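Text of coords.cif, listed as mmCIF, C-alpha atoms (C1' of nucleotides):
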data_input
#
loop_
_atom_site.label_atom_id
_atom_site.label_comp_id
_atom_site.auth_asym_id
_atom_site.auth_seq_id
_atom_site.Cartn_x
_atom_site.Cartn_y
_atom_site.Cartn_z
CA MET A 1 47.37 72.89 33.16
CA GLU A 2 46.22 76.45 33.70
CA GLN A 3 42.53 75.66 33.83
CA THR A 4 41.05 79.05 33.00
CA ARG A 5 37.82 78.87 34.88
CA GLU A 6 36.74 82.44 34.09
CA ALA A 7 40.03 83.20 35.84
CA LYS A 8 38.52 85.56 38.38
CA ALA A 9 40.49 84.27 41.33
CA THR A 10 43.84 84.60 39.59
CA GLY A 11 43.27 88.12 38.40
CA GLY A 12 42.12 89.15 41.83
CA ALA A 13 45.20 87.71 43.45
CA GLU A 14 47.43 89.74 41.19
CA VAL A 15 45.65 92.93 42.07
CA VAL A 16 45.79 92.19 45.76
CA ALA A 17 49.50 91.38 45.57
CA ALA A 18 50.15 94.68 43.88
CA ALA A 19 48.14 96.49 46.51
CA ILE A 20 49.94 94.92 49.45
CA GLY A 21 53.34 96.09 48.35
CA PRO A 22 56.09 96.06 45.75
CA CYS A 23 57.58 92.86 47.17
CA ALA A 24 59.26 92.44 43.82
CA ALA A 25 62.02 90.07 44.72
CA ILE A 26 61.02 88.20 41.57
CA PRO A 27 59.60 90.33 38.79
CA ALA A 28 56.32 89.12 37.46
CA ASP A 29 57.71 88.70 33.97
CA ARG A 30 60.46 86.46 35.31
CA MET A 31 57.76 84.33 36.82
CA ALA A 32 55.86 84.33 33.59
CA PHE A 33 58.95 83.19 31.74
CA ILE A 34 59.48 80.31 34.09
CA ARG A 35 55.89 79.23 33.70
CA GLU A 36 56.09 79.62 29.96
CA VAL A 37 59.16 77.52 29.46
CA LEU A 38 57.92 74.99 31.96
CA ASP A 39 54.61 74.63 30.21
CA ARG A 40 56.56 74.07 27.07
CA VAL A 41 59.22 71.60 28.09
CA GLY A 42 58.12 70.53 31.54
CA ASP A 43 55.94 67.75 30.23
CA LYS A 44 56.84 64.14 30.09
CA TRP A 45 58.37 63.87 26.64
CA SER A 46 59.44 67.19 25.12
CA LEU A 47 62.92 67.33 26.60
CA LEU A 48 63.42 63.66 25.84
CA LEU A 49 62.59 64.14 22.20
CA ILE A 50 64.86 67.14 22.00
CA ALA A 51 67.67 65.19 23.59
CA VAL A 52 67.17 62.34 21.17
CA LEU A 53 67.06 64.63 18.18
CA GLU A 54 70.21 66.49 19.07
CA PRO A 55 72.69 64.22 17.28
CA GLY A 56 70.77 64.42 14.01
CA PRO A 57 67.48 64.00 12.14
CA LEU A 58 65.21 61.09 12.95
CA ARG A 59 62.10 59.57 11.46
CA TYR A 60 58.87 58.86 13.26
CA THR A 61 59.70 55.24 13.90
CA GLY A 62 63.24 56.08 14.85
CA LEU A 63 61.95 58.38 17.52
CA GLN A 64 59.63 55.70 18.76
CA ARG A 65 62.53 53.32 19.05
CA GLN A 66 64.85 55.76 20.78
CA VAL A 67 62.33 56.92 23.33
CA PRO A 68 61.10 53.66 24.81
CA GLY A 69 57.71 53.88 26.41
CA ILE A 70 56.28 56.72 24.40
CA SER A 71 52.92 56.02 22.77
CA GLN A 72 52.12 56.97 19.22
CA ARG A 73 49.65 59.46 20.50
CA MET A 74 52.13 61.27 22.72
CA LEU A 75 54.86 61.12 20.13
CA THR A 76 52.62 62.78 17.57
CA LEU A 77 51.27 65.32 20.03
CA THR A 78 54.60 66.32 21.49
CA LEU A 79 56.19 66.49 18.08
CA ARG A 80 53.46 68.78 16.86
CA GLN A 81 53.81 71.13 19.79
CA LEU A 82 57.56 71.24 19.40
CA GLN A 83 57.09 71.94 15.75
CA GLN A 84 54.59 74.72 16.40
CA ASP A 85 56.99 76.38 18.79
CA GLY A 86 59.69 76.20 16.18
CA LEU A 87 61.89 73.89 18.21
CA VAL A 88 61.67 71.04 15.75
CA SER A 89 61.17 71.03 12.01
CA ARG A 90 59.29 68.40 10.05
CA THR A 91 60.11 67.36 6.51
CA ALA A 92 57.91 64.97 4.60
CA TYR A 93 59.19 63.26 1.46
CA ALA A 94 56.45 62.23 -0.95
CA GLU A 95 57.81 58.80 -1.66
CA VAL A 96 56.20 55.43 -2.10
CA PRO A 97 57.16 54.34 1.36
CA PRO A 98 56.24 57.54 3.18
CA ARG A 99 59.20 59.16 4.86
CA VAL A 100 59.17 61.99 7.37
CA GLU A 101 62.18 63.43 9.09
CA TYR A 102 62.29 65.49 12.24
CA THR A 103 65.18 67.81 12.98
CA LEU A 104 66.13 70.18 15.74
CA THR A 105 66.00 73.81 14.70
CA PRO A 106 68.67 76.22 15.98
CA LEU A 107 66.15 77.29 18.57
CA GLY A 108 65.67 73.71 19.64
CA ARG A 109 69.42 73.22 19.85
CA GLY A 110 69.60 76.20 22.17
CA LEU A 111 67.06 74.60 24.43
CA HIS A 112 69.02 71.41 24.36
CA GLU A 113 71.95 73.26 25.91
CA ILE A 114 69.74 74.13 28.84
CA ALA A 115 68.44 70.62 29.07
CA THR A 116 72.01 69.41 29.16
CA SER A 117 72.87 71.57 32.13
CA LEU A 118 69.73 70.33 33.81
CA VAL A 119 70.80 66.77 33.19
CA GLY A 120 74.28 67.59 34.37
CA TRP A 121 72.93 68.95 37.59
CA ALA A 122 70.70 65.94 38.06
CA ALA A 123 73.59 63.59 37.45
CA ALA A 124 75.80 65.47 39.87
CA HIS A 125 73.29 65.62 42.68
CA HIS A 126 70.85 62.83 42.29
CA ASP A 127 72.62 60.71 44.89
CA GLU A 128 72.40 63.55 47.36
CA ILE A 129 68.75 64.09 46.60
CA ARG A 130 67.93 60.42 46.88
CA GLU A 131 69.59 60.30 50.27
CA ASN A 132 67.64 63.33 51.40
CA ARG A 133 64.43 61.80 50.20
CA ALA A 134 65.14 58.51 51.86
CA ARG A 135 65.94 60.21 55.13
CA ALA A 136 62.81 62.34 54.99
CA MET A 137 60.66 59.35 54.16
CA SER A 138 61.97 57.28 57.02
CA ALA A 139 61.28 60.19 59.35
CA GLN A 140 57.83 61.02 58.01
CA PRO A 141 56.57 58.05 56.02
CA SER A 142 53.13 59.60 55.88
CA ALA A 143 54.11 62.11 53.23
CA GLY A 144 56.54 60.28 51.05
CA ALA A 145 54.56 58.97 48.13
CA ARG A 146 54.98 60.98 44.99
CA GLY A 147 54.76 59.49 41.53
CA MET B 1 79.11 61.01 37.76
CA GLU B 2 79.45 63.06 34.61
CA GLN B 3 79.07 60.51 31.88
CA THR B 4 79.98 61.88 28.52
CA ARG B 5 77.35 61.26 25.96
CA GLU B 6 79.04 59.06 23.41
CA ALA B 7 82.32 58.32 25.11
CA LYS B 8 81.52 54.88 26.44
CA ALA B 9 79.57 53.25 23.65
CA THR B 10 80.28 49.58 23.22
CA GLY B 11 81.51 48.33 19.90
CA GLY B 12 78.45 46.19 19.25
CA ALA B 13 76.05 48.97 20.05
CA GLU B 14 77.80 51.28 17.63
CA VAL B 15 77.43 48.84 14.79
CA VAL B 16 73.76 48.30 15.45
CA ALA B 17 73.11 52.02 15.80
CA ALA B 18 74.89 52.70 12.56
CA ALA B 19 72.73 50.12 10.87
CA ILE B 20 69.42 51.57 12.00
CA GLY B 21 70.03 55.27 11.83
CA PRO B 22 72.32 58.24 11.86
CA CYS B 23 72.51 58.58 15.61
CA ALA B 24 73.20 56.34 18.51
CA ALA B 25 70.41 55.77 20.95
CA ILE B 26 70.38 58.08 23.91
CA PRO B 27 71.81 56.27 26.91
CA ALA B 28 69.06 54.99 29.15
CA ASP B 29 70.58 56.60 32.21
CA ARG B 30 70.58 59.99 30.50
CA MET B 31 66.92 59.52 29.82
CA ALA B 32 66.32 58.50 33.39
CA PHE B 33 68.06 61.63 34.63
CA ILE B 34 65.96 63.85 32.48
CA ARG B 35 62.80 62.21 33.70
CA GLU B 36 63.99 62.38 37.26
CA VAL B 37 64.79 66.05 37.29
CA LEU B 38 61.64 66.82 35.34
CA ASP B 39 59.49 64.93 37.78
CA ARG B 40 61.10 66.97 40.50
CA VAL B 41 61.02 70.50 39.14
CA GLY B 42 58.87 70.21 36.05
CA ASP B 43 55.68 70.76 37.95
CA LYS B 44 53.78 73.96 38.14
CA TRP B 45 55.30 75.58 41.21
CA SER B 46 58.66 74.11 42.31
CA LEU B 47 60.89 76.28 40.18
CA LEU B 48 58.80 79.31 41.02
CA LEU B 49 59.22 78.76 44.73
CA ILE B 50 62.93 78.23 44.31
CA ALA B 51 63.22 81.42 42.30
CA VAL B 52 61.30 83.36 44.90
CA LEU B 53 63.37 81.96 47.75
CA GLU B 54 66.71 82.75 46.18
CA PRO B 55 67.13 86.28 47.54
CA GLY B 56 66.52 85.14 51.10
CA PRO B 57 64.26 83.35 53.59
CA LEU B 58 60.54 83.77 53.37
CA ARG B 59 57.57 82.88 55.51
CA TYR B 60 54.55 80.93 54.42
CA THR B 61 52.45 84.01 53.81
CA GLY B 62 55.32 85.78 52.12
CA LEU B 63 55.59 82.92 49.67
CA GLN B 64 51.88 83.07 49.06
CA ARG B 65 52.14 86.78 48.29
CA GLN B 66 55.15 86.46 46.02
CA VAL B 67 53.78 83.61 44.00
CA PRO B 68 50.37 84.92 42.98
CA GLY B 69 47.91 82.26 42.07
CA ILE B 70 49.27 79.45 44.19
CA SER B 71 46.77 77.78 46.46
CA GLN B 72 47.52 76.91 50.05
CA ARG B 73 47.29 73.29 49.14
CA MET B 74 49.90 73.49 46.42
CA LEU B 75 52.14 75.77 48.42
CA THR B 76 52.20 73.30 51.28
CA LEU B 77 52.60 70.30 49.02
CA THR B 78 55.36 71.74 46.87
CA LEU B 79 57.18 73.09 49.89
CA ARG B 80 57.11 69.69 51.50
CA GLN B 81 58.47 67.97 48.43
CA LEU B 82 61.23 70.52 48.07
CA GLN B 83 62.04 70.07 51.71
CA GLN B 84 62.12 66.30 51.41
CA ASP B 85 64.50 66.52 48.51
CA GLY B 86 66.73 68.80 50.53
CA LEU B 87 66.28 71.77 48.26
CA VAL B 88 64.57 73.91 50.85
CA SER B 89 64.86 73.97 54.61
CA ARG B 90 62.08 74.78 57.02
CA THR B 91 62.53 76.48 60.38
CA ALA B 92 59.67 76.89 62.82
CA TYR B 93 59.92 79.35 65.70
CA ALA B 94 57.74 78.51 68.67
CA GLU B 95 56.44 82.00 69.24
CA VAL B 96 53.08 83.38 70.20
CA PRO B 97 52.31 84.34 66.63
CA PRO B 98 53.58 81.19 64.92
CA ARG B 99 56.42 81.90 62.56
CA VAL B 100 57.96 79.57 59.98
CA GLU B 101 60.76 80.43 57.62
CA TYR B 102 61.73 78.68 54.44
CA THR B 103 65.23 78.96 53.04
CA LEU B 104 67.05 77.61 50.04
CA THR B 105 69.70 75.04 50.85
CA PRO B 106 72.99 75.02 48.94
CA LEU B 107 71.51 72.26 46.83
CA GLY B 108 68.49 74.39 46.10
CA ARG B 109 70.71 77.32 45.18
CA GLY B 110 72.48 75.09 42.70
CA LEU B 111 69.19 74.23 41.07
CA HIS B 112 68.34 77.89 40.98
CA GLU B 113 71.36 78.45 38.76
CA ILE B 114 69.86 76.06 36.28
CA ALA B 115 66.48 77.67 36.59
CA THR B 116 68.12 80.99 35.88
CA SER B 117 69.62 79.78 32.65
CA LEU B 118 66.24 78.37 31.73
CA VAL B 119 64.67 81.74 32.40
CA GLY B 120 67.43 83.45 30.49
CA TRP B 121 66.78 81.26 27.52
CA ALA B 122 63.06 81.85 27.76
CA ALA B 123 63.54 85.59 27.99
CA ALA B 124 65.88 85.61 25.02
CA HIS B 125 63.65 83.55 22.78
CA HIS B 126 60.10 83.88 23.92
CA ASP B 127 59.32 86.45 21.24
CA GLU B 128 60.61 84.08 18.63
CA ILE B 129 58.61 81.21 20.03
CA ARG B 130 55.45 83.24 20.30
CA GLU B 131 55.80 84.25 16.68
CA ASN B 132 56.32 80.66 15.67
CA ARG B 133 53.29 79.60 17.63
CA ALA B 134 51.14 82.34 16.20
CA ARG B 135 52.20 81.48 12.68
CA ALA B 136 51.53 77.79 13.20
CA MET B 137 48.15 78.49 14.73
CA SER B 138 47.04 80.71 11.91
CA ALA B 139 48.06 78.02 9.48
CA GLN B 140 46.53 75.10 11.39
CA PRO B 141 44.01 76.49 13.87
CA SER B 142 42.77 72.99 14.57
CA ALA B 143 45.72 72.07 16.74
CA GLY B 144 46.72 75.22 18.51
CA ALA B 145 45.09 75.25 21.91
CA ARG B 146 47.39 74.50 24.74
CA GLY B 147 47.22 76.45 28.01
"C1'" DC C 1 49.73 82.66 61.29
"C1'" DG C 2 50.47 78.30 59.25
"C1'" DG C 3 48.75 74.83 57.96
"C1'" DT C 4 45.14 70.12 57.00
"C1'" DA C 5 41.28 67.82 55.00
"C1'" DT C 6 37.86 67.32 51.43
"C1'" DC C 7 35.63 67.63 47.07
"C1'" DC C 8 35.86 67.70 42.27
"C1'" DC C 9 37.06 69.02 37.58
"C1'" DC C 10 40.33 69.02 34.02
"C1'" DT C 11 44.33 67.61 31.67
"C1'" DC C 12 47.71 64.47 30.60
"C1'" DT C 13 48.75 60.12 29.32
"C1'" DG C 14 48.29 55.37 27.71
"C1'" DA C 15 45.80 51.49 25.18
"C1'" DT C 16 43.54 50.23 21.35
"C1'" DA C 17 41.76 50.37 16.80
"C1'" DC C 18 41.64 52.30 12.28
"C1'" DT C 19 43.49 54.89 7.83
"C1'" DG C 20 46.22 56.65 3.67
"C1'" DC D 1 55.57 53.97 7.35
"C1'" DA D 2 53.26 57.68 9.53
"C1'" DG D 3 49.97 58.97 11.44
"C1'" DT D 4 44.44 59.78 13.32
"C1'" DA D 5 40.33 58.78 16.38
"C1'" DT D 6 38.23 57.36 20.47
"C1'" DC D 7 37.94 55.66 25.11
"C1'" DA D 8 39.31 55.31 29.83
"C1'" DG D 9 42.15 55.87 34.02
"C1'" DA D 10 45.30 58.52 37.11
"C1'" DG D 11 46.63 62.34 39.19
"C1'" DG D 12 47.62 67.38 39.32
"C1'" DG D 13 45.76 71.29 40.93
"C1'" DG D 14 42.04 74.78 42.46
"C1'" DA D 15 38.17 76.09 45.83
"C1'" DT D 16 36.60 75.77 50.12
"C1'" DA D 17 36.16 74.77 54.92
"C1'" DC D 18 38.22 73.70 59.16
"C1'" DC D 19 42.03 73.28 63.07
"C1'" DG D 20 46.14 74.47 66.60
#
Can you dump the structure from the file as structure tokens?
Amino acid sequence: MEQTREAKATGGAEVVAAAIGPCAAIPADRMAFIREVLDRVGDKWSLLLIAVLEPGPLRYTGLQRQVPGISQRMLTLTLRQLQQDGLVSRTAYAEVPPRVEYTLTPLGRGLHEIATSLVGWAAAHHDEIRENRARAMSAQPSAGARG
Amino acid sequence: MEQTREAKATGGAEVVAAAIGPCAAIPADRMAFIREVLDRVGDKWSLLLIAVLEPGPLRYTGLQRQVPGISQRMLTLTLRQLQQDGLVSRTAYAEVPPRVEYTLTPLGRGLHEIATSLVGWAAAHHDEIRENRARAMSAQPSAGARG
DNA sequence: CGGTATCCCCTCTGATACTG
DNA sequence: CAGTATCAGAGGGGATACCG
């Protein structure tokens, strides 16, 4: 995301916003936090892997099995990012059949709590949302396609 | 709709799961929910707009000011999606200087609660994560760039 | 003021093939 | 088993220009 193209426009916008007024309904750092956590777990697989790892450690193949549809590439990539952020830990056993186990760190478990509330909310309201969407799409079919 | 995670596992599934690994597969519907809510609010701006709208109604330009860096295109697009999902409501006043106000619906406010806990988590742990990232990057600079 | 339309790059993601 | 390397497509998102 965040394609830093010399980033002159973004910096300018910040300055302008500050000049116009305080307008600090949402502090800038709050916004930064949202963006940060979203960049981290807002992708297609991170939260899924965390959810799948919550009950206990899993191996590479186990993860592949439990998250249907994920490619080796994305599994490896996402795992590495999670690991770098300290959300998941990787343990390799130097055995004849190579064995690697991935586990949720305490930090990762904390994030899973959040993910759970997110899922809870989605489960509680997804009917409502689907109805809203359907209604909006039948009213304005021109702007309905997403995904 | 609250389905408890391992409450309704079938007998056969349990046996199979026990045979392959330490943890039962994540229910497919759970996975679908995660994907669904992520597709909805996991993008770059949705949660930000919701956060900014929480204190009260805002106009198009106000949103643009309070979310520095957002382009008109993305503001319009995200707003429309939020509106279609019933998370945000739009009110246009037919006045000489056109005026449009965007407000959070009750549904949107509910999602904001979740966003808040996400932000809370990020605020509480972002130092930790940044340290982890820095450490990982200094150890393996080849795979550090993201964002 | 409050948008729409267009162009275009960049990133994410998947498919495929190869390695230790 | 547990990855790595490379290619290619799709779409998100920014810049810019234009309209009611």
Original post:
With distances taken over only C-alpha atoms (C1' of nucleotides), which of B:Ala51, B:Pro27, B:Ser117, B:Arg73 is nearest to DT6 in chain C?
Top reply: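 Going through B:Ala51, B:Pro27, B:Ser117, B:Arg73 one by one, the smallest distance to DT6 in chain C is for B:Arg73.
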Answer key for the PyMOL selection byres ((chain B) within 7 of (chain A)), residues as a PDB file with C-alpha atoms, in the frame of the given file:
ATOM      1  CA  MET B   1      79.110  61.010  37.760  1.00  0.00           C
ATOM      2  CA  GLU B   2      79.450  63.060  34.610  1.00  0.00           C
ATOM      3  CA  PRO B  22      72.320  58.240  11.860  1.00  0.00           C
ATOM      4  CA  CYS B  23      72.510  58.580  15.610  1.00  0.00           C
ATOM      5  CA  ALA B  25      70.410  55.770  20.950  1.00  0.00           C
ATOM      6  CA  ILE B  26      70.380  58.080  23.910  1.00  0.00           C
ATOM      7  CA  MET B  31      66.920  59.520  29.820  1.00  0.00           C
ATOM      8  CA  PHE B  33      68.060  61.630  34.630  1.00  0.00           C
ATOM      9  CA  ILE B  34      65.960  63.850  32.480  1.00  0.00           C
ATOM     10  CA  VAL B  37      64.790  66.050  37.290  1.00  0.00           C
ATOM     11  CA  LEU B  38      61.640  66.820  35.340  1.00  0.00           C
ATOM     12  CA  GLY B  42      58.870  70.210  36.050  1.00  0.00           C
ATOM     13  CA  ASP B  43      55.680  70.760  37.950  1.00  0.00           C
ATOM     14  CA  LEU B  48      58.800  79.310  41.020  1.00  0.00           C
ATOM     15  CA  VAL B  52      61.300  83.360  44.900  1.00  0.00           C
ATOM     16  CA  PRO B  55      67.130  86.280  47.540  1.00  0.00           C
ATOM     17  CA  ARG B  65      52.140  86.780  48.290  1.00  0.00           C
ATOM     18  CA  GLN B  66      55.150  86.460  46.020  1.00  0.00           C
ATOM     19  CA  PRO B  68      50.370  84.920  42.980  1.00  0.00           C
ATOM     20  CA  GLY B  69      47.910  82.260  42.070  1.00  0.00           C
ATOM     21  CA  GLN B  84      62.120  66.300  51.410  1.00  0.00           C
ATOM     22  CA  ASP B  85      64.500  66.520  48.510  1.00  0.00           C
ATOM     23  CA  GLY B  86      66.730  68.800  50.530  1.00  0.00           C
ATOM     24  CA  ILE B 114      69.860  76.060  36.280  1.00  0.00           C
ATOM     25  CA  SER B 117      69.620  79.780  32.650  1.00  0.00           C
ATOM     26  CA  LEU B 118      66.240  78.370  31.730  1.00  0.00           C
ATOM     27  CA  VAL B 119      64.670  81.740  32.400  1.00  0.00           C
ATOM     28  CA  ALA B 122      63.060  81.850  27.760  1.00  0.00           C
ATOM     29  CA  ALA B 123      63.540  85.590  27.990  1.00  0.00           C
ATOM     30  CA  ILE B 129      58.610  81.210  20.030  1.00  0.00           C
ATOM     31  CA  ASN B 132      56.320  80.660  15.670  1.00  0.00           C
ATOM     32  CA  ARG B 133      53.290  79.600  17.630  1.00  0.00           C
ATOM     33  CA  ALA B 136      51.530  77.790  13.200  1.00  0.00           C
ATOM     34  CA  GLY B 147      47.220  76.450  28.010  1.00  0.00           C
TER      35      GLY B 147
END
Each residue of chain D lying at most 9 Å from chain B should get a row with its shortest atom-to-atom pair and the distance in Å to one decimal, counting only C-alpha atoms (C1' of nucleotides); could you produce that, ordered by chain and increasing number, as CSV?
residue,atom,partner,partner_atom,distance
D:DG12,C1',B:Asp43,CA,8.8
D:DG13,C1',B:Met74,CA,7.2
D:DG14,C1',B:Ser71,CA,6.9
D:DA15,C1',B:Ser71,CA,8.8
**OP:** Evaluate the PyMOL selection byres ((chain D and resi 17) around 9) and record the selected residues as a PyMOL selection string, following the chain and residue labels used in the document.
**Re:** (chain C and resi 5-6) or (chain D and resi 16+18)
**OP:** Determine the residue membership of the PyMOL selection byres ((chain B) within 9 of (chain C)) for the file above and supply it as a ChimeraX atom specification.
**Re:** /B:60-61,72-73,76,97-100
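We find C1' of DA10 in chain D and CA of Ser46 in chain A to be spaced 20.5 Å apart.
For the pair CA of Arg109 in chain A and CA of Ser89 in chain A, the interatomic distance is 11.6 Å.
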Quick one: axis-aligned box around all listed atoms of range 3-10 of chain D, 6 Å on every side, centre and edge lengths in Å to one decimal, written as AutoDock Vina command-line options.
--center_x 44.0 --center_y 57.5 --center_z 24.3 --size_x 24.0 --size_y 16.5 --size_z 37.7
Mind completing range 74-83 of chain A with all heavy atoms? Output as a PDB file, in the coordinates of the input, please?
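Once everything was written out, this is part_2.pdb:
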ATOM      1  N   MET A  74      51.303  60.257  22.095  1.00  0.00           N
ATOM      2  CA  MET A  74      52.130  61.270  22.720  1.00  0.00           C
ATOM      3  C   MET A  74      53.277  61.692  21.826  1.00  0.00           C
ATOM      4  O   MET A  74      53.687  62.853  21.833  1.00  0.00           O
ATOM      5  CB  MET A  74      52.656  60.766  24.062  1.00  0.00           C
ATOM      6  CG  MET A  74      51.598  60.710  25.133  1.00  0.00           C
ATOM      7  SD  MET A  74      50.448  62.097  25.074  1.00  0.00           S
ATOM      8  CE  MET A  74      51.519  63.444  25.549  1.00  0.00           C
ATOM      9  N   LEU A  75      53.798  60.755  21.053  1.00  0.00           N
ATOM     10  CA  LEU A  75      54.860  61.120  20.130  1.00  0.00           C
ATOM     11  C   LEU A  75      54.346  62.147  19.128  1.00  0.00           C
ATOM     12  O   LEU A  75      54.957  63.204  18.930  1.00  0.00           O
ATOM     13  CB  LEU A  75      55.363  59.868  19.399  1.00  0.00           C
ATOM     14  CG  LEU A  75      56.460  60.116  18.372  1.00  0.00           C
ATOM     15  CD1 LEU A  75      57.620  60.880  18.979  1.00  0.00           C
ATOM     16  CD2 LEU A  75      56.954  58.797  17.780  1.00  0.00           C
ATOM     17  N   THR A  76      53.211  61.853  18.540  1.00  0.00           N
ATOM     18  CA  THR A  76      52.620  62.780  17.570  1.00  0.00           C
ATOM     19  C   THR A  76      52.313  64.129  18.204  1.00  0.00           C
ATOM     20  O   THR A  76      52.664  65.181  17.676  1.00  0.00           O
ATOM     21  CB  THR A  76      51.339  62.179  16.993  1.00  0.00           C
ATOM     22  OG1 THR A  76      51.641  60.916  16.406  1.00  0.00           O
ATOM     23  CG2 THR A  76      50.736  63.095  15.955  1.00  0.00           C
ATOM     24  N   LEU A  77      51.662  64.083  19.355  1.00  0.00           N
ATOM     25  CA  LEU A  77      51.270  65.320  20.030  1.00  0.00           C
ATOM     26  C   LEU A  77      52.468  66.187  20.392  1.00  0.00           C
ATOM     27  O   LEU A  77      52.508  67.384  20.099  1.00  0.00           O
ATOM     28  CB  LEU A  77      50.486  64.972  21.298  1.00  0.00           C
ATOM     29  CG  LEU A  77      49.024  65.378  21.336  1.00  0.00           C
ATOM     30  CD1 LEU A  77      48.288  64.875  20.124  1.00  0.00           C
ATOM     31  CD2 LEU A  77      48.374  64.892  22.608  1.00  0.00           C
ATOM     32  N   THR A  78      53.429  65.570  21.044  1.00  0.00           N
ATOM     33  CA  THR A  78      54.600  66.320  21.490  1.00  0.00           C
ATOM     34  C   THR A  78      55.366  66.881  20.299  1.00  0.00           C
ATOM     35  O   THR A  78      55.781  68.041  20.292  1.00  0.00           O
ATOM     36  CB  THR A  78      55.521  65.418  22.321  1.00  0.00           C
ATOM     37  OG1 THR A  78      54.750  64.773  23.321  1.00  0.00           O
ATOM     38  CG2 THR A  78      56.605  66.235  22.981  1.00  0.00           C
ATOM     39  N   LEU A  79      55.501  66.052  19.289  1.00  0.00           N
ATOM     40  CA  LEU A  79      56.190  66.490  18.080  1.00  0.00           C
ATOM     41  C   LEU A  79      55.499  67.710  17.480  1.00  0.00           C
ATOM     42  O   LEU A  79      56.143  68.675  17.059  1.00  0.00           O
ATOM     43  CB  LEU A  79      56.165  65.334  17.079  1.00  0.00           C
ATOM     44  CG  LEU A  79      57.474  64.745  16.551  1.00  0.00           C
ATOM     45  CD1 LEU A  79      58.660  65.044  17.434  1.00  0.00           C
ATOM     46  CD2 LEU A  79      57.327  63.262  16.317  1.00  0.00           C
ATOM     47  N   ARG A  80      54.182  67.670  17.456  1.00  0.00           N
ATOM     48  CA  ARG A  80      53.460  68.780  16.860  1.00  0.00           C
ATOM     49  C   ARG A  80      53.642  70.070  17.661  1.00  0.00           C
ATOM     50  O   ARG A  80      53.820  71.147  17.099  1.00  0.00           O
ATOM     51  CB  ARG A  80      51.970  68.446  16.738  1.00  0.00           C
ATOM     52  CG  ARG A  80      51.277  69.441  15.841  1.00  0.00           C
ATOM     53  CD  ARG A  80      49.788  69.328  15.760  1.00  0.00           C
ATOM     54  NE  ARG A  80      49.243  67.995  15.872  1.00  0.00           N
ATOM     55  CZ  ARG A  80      49.029  67.184  14.858  1.00  0.00           C
ATOM     56  NH1 ARG A  80      49.324  67.579  13.632  1.00  0.00           N
ATOM     57  NH2 ARG A  80      48.510  66.013  15.053  1.00  0.00           N
ATOM     58  N   GLN A  81      53.610  69.942  18.972  1.00  0.00           N
ATOM     59  CA  GLN A  81      53.810  71.130  19.790  1.00  0.00           C
ATOM     60  C   GLN A  81      55.215  71.700  19.599  1.00  0.00           C
ATOM     61  O   GLN A  81      55.391  72.906  19.449  1.00  0.00           O
ATOM     62  CB  GLN A  81      53.600  70.777  21.268  1.00  0.00           C
ATOM     63  CG  GLN A  81      52.144  70.499  21.583  1.00  0.00           C
ATOM     64  CD  GLN A  81      51.952  69.932  22.965  1.00  0.00           C
ATOM     65  OE1 GLN A  81      52.907  69.612  23.658  1.00  0.00           O
ATOM     66  NE2 GLN A  81      50.708  69.804  23.377  1.00  0.00           N
ATOM     67  N   LEU A  82      56.186  70.820  19.610  1.00  0.00           N
ATOM     68  CA  LEU A  82      57.560  71.240  19.400  1.00  0.00           C
ATOM     69  C   LEU A  82      57.705  71.941  18.054  1.00  0.00           C
ATOM     70  O   LEU A  82      58.399  72.952  17.916  1.00  0.00           O
ATOM     71  CB  LEU A  82      58.479  70.016  19.449  1.00  0.00           C
ATOM     72  CG  LEU A  82      59.311  69.763  20.701  1.00  0.00           C
ATOM     73  CD1 LEU A  82      58.743  70.449  21.931  1.00  0.00           C
ATOM     74  CD2 LEU A  82      59.495  68.288  20.926  1.00  0.00           C
ATOM     75  N   GLN A  83      57.024  71.385  17.091  1.00  0.00           N
ATOM     76  CA  GLN A  83      57.090  71.940  15.750  1.00  0.00           C
ATOM     77  C   GLN A  83      56.434  73.322  15.706  1.00  0.00           C
ATOM     78  O   GLN A  83      56.958  74.254  15.102  1.00  0.00           O
ATOM     79  CB  GLN A  83      56.380  70.988  14.793  1.00  0.00           C
ATOM     80  CG  GLN A  83      56.540  71.347  13.336  1.00  0.00           C
ATOM     81  CD  GLN A  83      55.553  70.574  12.480  1.00  0.00           C
ATOM     82  OE1 GLN A  83      54.970  69.590  12.939  1.00  0.00           O
ATOM     83  NE2 GLN A  83      55.372  71.008  11.249  1.00  0.00           N
TER      84      GLN A  83
END
